[in-house]
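Below you'll find the structure, written out as C-alpha cells, and then a few comments.
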Amino acid sequence: MLDLSYLKGEKLEKLKSSLINRGYSLDILEKILDIDGKRRKLIKEVDDLRAKKNEKSKIISQMISKGENVDDLLKEAREIDNMLEHLEEERRKIENEFNYYWSLIPNIPHQSVPIGKDSSDNVVVREWGRIPEFEFEPKPHWEICEKLDIIDFNMGGELAGSRFVVYKGIGAELEWALINYFREFAKKHGYKEIIPPFLVNERVMFNSGQLPKFKDEMYYIEKDELYLVPTAEVPLTSLFMNKTLDEEELPIYYFAYTPCFRREAGAYGKDVRGIKRMHQFNKVELYKFTLPENSYEEHEKMVRDVEEILQSLNIPYRVVLLCTGDMGFASAKTYDIEVYCAGQGGYLEASSISNVEDFQSRRANIKVKRKSGKKDFVHTLNGSGLATPRVLISIIENNQTKEGYVVIPEPLRKYIGVDIIK
RNA sequence: GGAGGGAUGGCCGAGCGGACGAAGGCGGCGGCCUGGAGAGCCGUUAUCCCCUUAACUGGGGAUCGUGGGUUCAAAUCCCACUCCCUCCGCCA
C-alpha cells in the first residue's frame with residue numbers, strides 16, 4: 001500500500017506516470033481523488049462535532065458535581081448525538097470505499113526499472129552457462145517423464161483435475177532432492193528456516209498484496225474462511241505484522257518451503273502440457289526484512305544467491321530485469337531468472353526476485369525504530385529460491401540422452417543414490 | 001465440541017461510569033552529580049487521522065483484543081466475535 005502523501009503535489013504526478021507506465025488506466029485514480037475529497041470533508045465535520053460534544057460533556061460533569069440543573073445541556077447533547085449518528089455512518093462508508101480503491105493501486109517502480117509495455121521490453125542483464133547441443137531432437141519433459149514413469153499426468157487429472165500431477169518413484173525423490181538442495185543453499189547463505197501455516201486468513205493475504213485485487217487466483221476454504229497460500233511469501237510477510245523491530249535486528253533473512261496453490265484463473269488452455277504451470281507446486285522462498293537504505297543492495301545479493309544455486313546444478317540461465325509493464329502489483333523492482341530448457345527450445349521463468357520496498361510493510365504495519373527514535377516502515381524482499389517444477393523441466397530436458405534416460409546432476413545424486421534415471 | 005479464566009502503553013501491573021491517554025514499577029531517553037562509571041536525584045517517555053504551519057508550529061478527533069450497544073459521558077456496564085490459558089471430550 002502506498003503512502004497517502006501520493007495523493008498530493010509532486011508525488012501525485014509521480015503516481016500518475018507510474019500508473020501509465022504500468023499500463024493502468026487513470027480512471028481509478030480520479031475516482032480515488034474524488035472519494036478522498038469527500039472523505040476529508042466528512043472527517044472534519046465529524047471531528048468538529050465530536051469536539052463540541054466533548055465540551056458539553058465536560059461542562060455537564062462539572063455542573064453535576066456542583067449540584068446544578070443540567071436538563072437543557074442534556075437536551076443539546078442529545079441533539080448533537082443525533083446529528084453525529086448519520087454523519088458517522090457516512091464517514092465509515094466512505095472510508096471503507098476509499099481504503100478499498102486505494103489498496104488496488106500498485107507500487108511505484110524504482111527509477112532503475114526500464115519503462116515498457118510488456119515482456120518484450122524487459123532487459124537481459126546477464127547470461128550464464130552453455131546451451132546444450134544434441135545429436136538428436138530433444139524431447140519435451142512430459143514425454144520423457146511419462147516414459148520413465150516418474151510423473152503421472154493422467155493420475156493427477158483423475159485425482160484432482162487438470163494441472164495436477166502425481167510424482168512417482170525417482171520423480172518424487174528428485175522433487176524432494178531439489179527441495180532439500182534449495183533449503184541447504186538458503187541456510188548456507190544465512191537465511192533462517194521457517195515452516196509457516198499453509199493456510200492463512202484474509203488479513204495475511206491482504207498484507208502481501210494478494211487481496212483484494214487477486215482474489216480469483218486463490219483457493220479459499222469457505223467454512224473456515226482460510227486461503228491456501230499461493231507462495232510462502234504470503235505468511236512470511238506477516239511474520240512481524242504490527243511489530244516494530246530494532247534497527248540492529250535488521251536485516252532479517254528467512255526462508256520457507258511450502259507447497260504453492262494457485263487457481264491460474266486467467267490461464268485457461270495455456271501451458272497445459274507438462275508441469276510448467278500447475279495448481280500445486282513446491283517452492284523454497286527467500287525473504288528479507290531490511291532497512292530502507294539497504295534494500296537495493298540486498299536485492300542484488302538475493303539475485304546472486306539464486307544464481308549460485310543454478311550454477312551449481314549447471315543450468316544455463318539468464319537474468320532479466322522486468323520493465324514497468326511486466327512487473328507484479330506489489331513490486332518496485334523485479335529480476336526474473338529464466339532457465340534454459342532444451343525440450344522447449346527456450347527459456348522458462350524459474351525465479352522472480354522482487355524488492356517491494358515498503359509496499360507490504362505498510363499493509364502489514366511492520367516498522368523499524370531507529371537509534372534516533374524515528375520510526376520507518378521496513379523494506380521487504382522476496383525471491384523464489386527456487387520453485388521446483390521449472391528447474392526440474394530444465395534438468396530433465398537438458399540432461400536427456402538419446403535412449404530417453406536422464407542424467408542426474410552430480411550434486412543431487414547423494415539424495416537419490418542413482419546417477420541416471422532409466 | 002463442552003465448562004471456566006483472561007486480554008490495559010516497549011514490558012510488568014493498577015484502575016471497574018465523569019477531571020483517565022490512563023497510578024506505580026521496570027526499561028528507554030535527556031540532564032545533574034562523577035576523573036569516568038555505578039548508585040542517587042530531576043525531567044521526559046504511544047500511535048494514527050483531520051485542519052493549520054516553514055516546522056512532529058498550533059488546534060481538534062480517535063485508540064485500554066475486535067466490532068456493536070446503553071449513557072450527556074465507557075478502560076470501566078451490556079451483547080457478539082477473535083485470540084490466549086486451564087479442565088473435560090475427540091483425534092494424527
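Simple scheme: letters A, B, ... for chains in C-alpha cells order, numbers from 1 for residues in each chain, numbers from 1 for ligands in the order shown.
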message: Taking only C-alpha atoms (C1' of nucleotides) into account and nothing else, which residues of chain A lie no more than 7 Å away from chain B? Please answer as a PyMOL selection string.
response: chain A and resi 40+43-44+47-48+51+57+61+74+77-78
Shell around Tyr415 in chain A at 10 Å using only C-alpha atoms (C1' of nucleotides), local window under 6 positions removed, as a PyMOL selection string: chain A and resi 173-174+176-178+180-181
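When the distance limit is 12 Å and only C-alpha atoms (C1' of nucleotides) are what count, the residues near G30 in chain B, minus those fewer than 2 positions from it on the same chain, are G28, C32, C42, G43, U44 and U45 of chain B.
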task: Have a look at CA of Tyr101 in chain A and CA of Lys31 in chain A and let me know their distance in Å, one decimal.
output: 8.3 Å
message: When you count only C-alpha atoms (C1' of nucleotides), which of these residues is closest to C20 in chain B: B:U82, B:C77, B:C56, B:U8?
response: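 Residue with the minimum atom-to-atom distance to C20 in chain B: B:U8.
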- request: Just give me the gap between CA of Ala186 in chain A and CA of Met302 in chain A in Å, one decimal is fine.
  value: 10.1 Å
- request: Would you list, as a PyMOL selection string, the residues of range 255-337 of chain A that end up in strand (DSSP E or B) under DSSP run on this structure's backbone?
  value: chain A and resi 255-261+280-290+317-321+333-337
message: Could you pull out the helix (DSSP H, G or I) residues of range 110-152 of chain A, going by DSSP on the backbone, and write them as a ChimeraX atom specification?
response: /A:119-121,141-148
message: Need to verify the contact set: range 247-252 of chain A, 12 Å, only C-alpha atoms (C1' of nucleotides), exclusion of same-chain residues closer than 3 positions in sequence. Can you return it as number ranges by chain?
response: A: 190-193, 236-237, 239-240, 244, 255, 286-295, 297-299, 367-382
What would the file look like if the residues just selected were written as a PDB file, in the first residue's frame with C-alpha atoms?
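Wrote it out as result_37.pdb, contents follow:
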ATOM      1  CA  GLY A 190      22.325 -17.085   6.203  1.00  0.00           C
ATOM      2  CA  TYR A 191      18.572 -17.437   5.812  1.00  0.00           C
ATOM      3  CA  LYS A 192      16.686 -18.861   8.769  1.00  0.00           C
ATOM      4  CA  GLU A 193      14.224 -21.636   8.105  1.00  0.00           C
ATOM      5  CA  LEU A 236       6.500 -14.767   5.672  1.00  0.00           C
ATOM      6  CA  THR A 237       5.428 -11.168   5.053  1.00  0.00           C
ATOM      7  CA  LEU A 239       5.604 -12.826  10.491  1.00  0.00           C
ATOM      8  CA  PHE A 240       6.192  -9.398  12.024  1.00  0.00           C
ATOM      9  CA  THR A 244       8.308  -2.567  15.499  1.00  0.00           C
ATOM     10  CA  PHE A 255      13.293 -18.898   4.006  1.00  0.00           C
ATOM     11  CA  LEU A 286      13.662 -16.469   0.252  1.00  0.00           C
ATOM     12  CA  TYR A 287      12.563 -13.419   2.189  1.00  0.00           C
ATOM     13  CA  LYS A 288      14.273 -10.379   3.689  1.00  0.00           C
ATOM     14  CA  PHE A 289      13.287  -7.569   6.026  1.00  0.00           C
ATOM     15  CA  THR A 290      15.762  -4.714   5.590  1.00  0.00           C
ATOM     16  CA  LEU A 291      16.414  -1.079   6.346  1.00  0.00           C
ATOM     17  CA  PRO A 292      15.069   1.103   3.542  1.00  0.00           C
ATOM     18  CA  GLU A 293      18.511   2.402   2.612  1.00  0.00           C
ATOM     19  CA  ASN A 294      19.884  -1.117   2.156  1.00  0.00           C
ATOM     20  CA  SER A 295      17.117  -2.827   0.265  1.00  0.00           C
ATOM     21  CA  GLU A 297      21.897  -3.772  -2.234  1.00  0.00           C
ATOM     22  CA  GLU A 298      20.140  -6.699  -0.550  1.00  0.00           C
ATOM     23  CA  HIS A 299      18.090  -7.200  -3.696  1.00  0.00           C
ATOM     24  CA  LYS A 367       8.251  -0.783  11.348  1.00  0.00           C
ATOM     25  CA  VAL A 368      11.813  -0.265  12.446  1.00  0.00           C
ATOM     26  CA  LYS A 369      12.818   2.004  15.277  1.00  0.00           C
ATOM     27  CA  ARG A 370      15.982   3.954  14.588  1.00  0.00           C
ATOM     28  CA  LYS A 371      18.564   4.752  17.212  1.00  0.00           C
ATOM     29  CA  SER A 372      17.386   8.335  16.912  1.00  0.00           C
ATOM     30  CA  GLY A 373      13.912   7.168  17.925  1.00  0.00           C
ATOM     31  CA  LYS A 374      12.441   7.792  14.491  1.00  0.00           C
ATOM     32  CA  LYS A 375      10.268   5.052  13.053  1.00  0.00           C
ATOM     33  CA  ASP A 376      10.190   3.902   9.446  1.00  0.00           C
ATOM     34  CA  PHE A 377       8.464   1.148   7.590  1.00  0.00           C
ATOM     35  CA  VAL A 378      10.904  -1.648   6.783  1.00  0.00           C
ATOM     36  CA  HIS A 379      11.572  -2.776   3.247  1.00  0.00           C
ATOM     37  CA  THR A 380      10.779  -6.346   2.297  1.00  0.00           C
ATOM     38  CA  LEU A 381      12.125  -8.505  -0.483  1.00  0.00           C
ATOM     39  CA  ASN A 382      11.088 -11.868  -1.758  1.00  0.00           C
TER      40      ASN A 382
END
statement: Shortest contact to G65 in chain B, candidates B:C84, B:A92, B:G40, B:G25, atoms counted only C-alpha atoms (C1' of nucleotides), goes to B:C84
- prompt: What is the CA of Arg183 in chain A to CA of Met278 in chain A distance in Å?
  reply: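 Between these atoms lies a distance of 21.6 Å.
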message: Which residues are near Arg22 in chain A? Cut-off 10 Å, only C-alpha atoms (C1' of nucleotides), ignore same chain within fewer than 3 positions. Put them as JSON, numbers by chain.
response: {"A": [16, 17, 18, 19, 25, 106, 107, 108, 109, 115, 116, 117, 118, 323, 324, 325, 326, 327, 328, 329]}
query: Which one is closest to Ile309 in chain A: A:Arg262, A:Arg277, A:Lys333, A:His189? Count only C-alpha atoms.
result: A:His189
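Residues in contact with Gly404 in chain A at 10 Å, where only C-alpha atoms (C1' of nucleotides) are counted and same-chain residues fewer than 2 positions away are skipped, are listed as Pro138, Lys139, Glu143, Ile144, Cys145, Lys147, Leu148, Ile396, Glu397, Asn399, Gln400, Thr401, Lys402, Val406, Val407, Ile421 and Lys422 of chain A.
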message: I'd like the contact shell of Val70 in chain A - 8 Å cut-off, only C-alpha atoms (C1' of nucleotides), skipping same-chain residues fewer than 6 positions apart - returned as a PyMOL selection string.
response: chain A and resi 60+63-64
Would you write out, as JSON lines, a table of all residues in range 192-307 of chain A that have an atom no more than 12 Å from an atom of range 312-317 of chain A, listing for each the closest atom pair and the distance in Å to one decimal, considering only C-alpha atoms and ordering rows by chain and rising residue number?
{"residue": "A:Asp305", "atom": "CA", "partner": "A:Ser312", "partner_atom": "CA", "distance": 11.1}
{"residue": "A:Val306", "atom": "CA", "partner": "A:Ser312", "partner_atom": "CA", "distance": 10.2}
{"residue": "A:Glu307", "atom": "CA", "partner": "A:Tyr317", "partner_atom": "CA", "distance": 8.3}
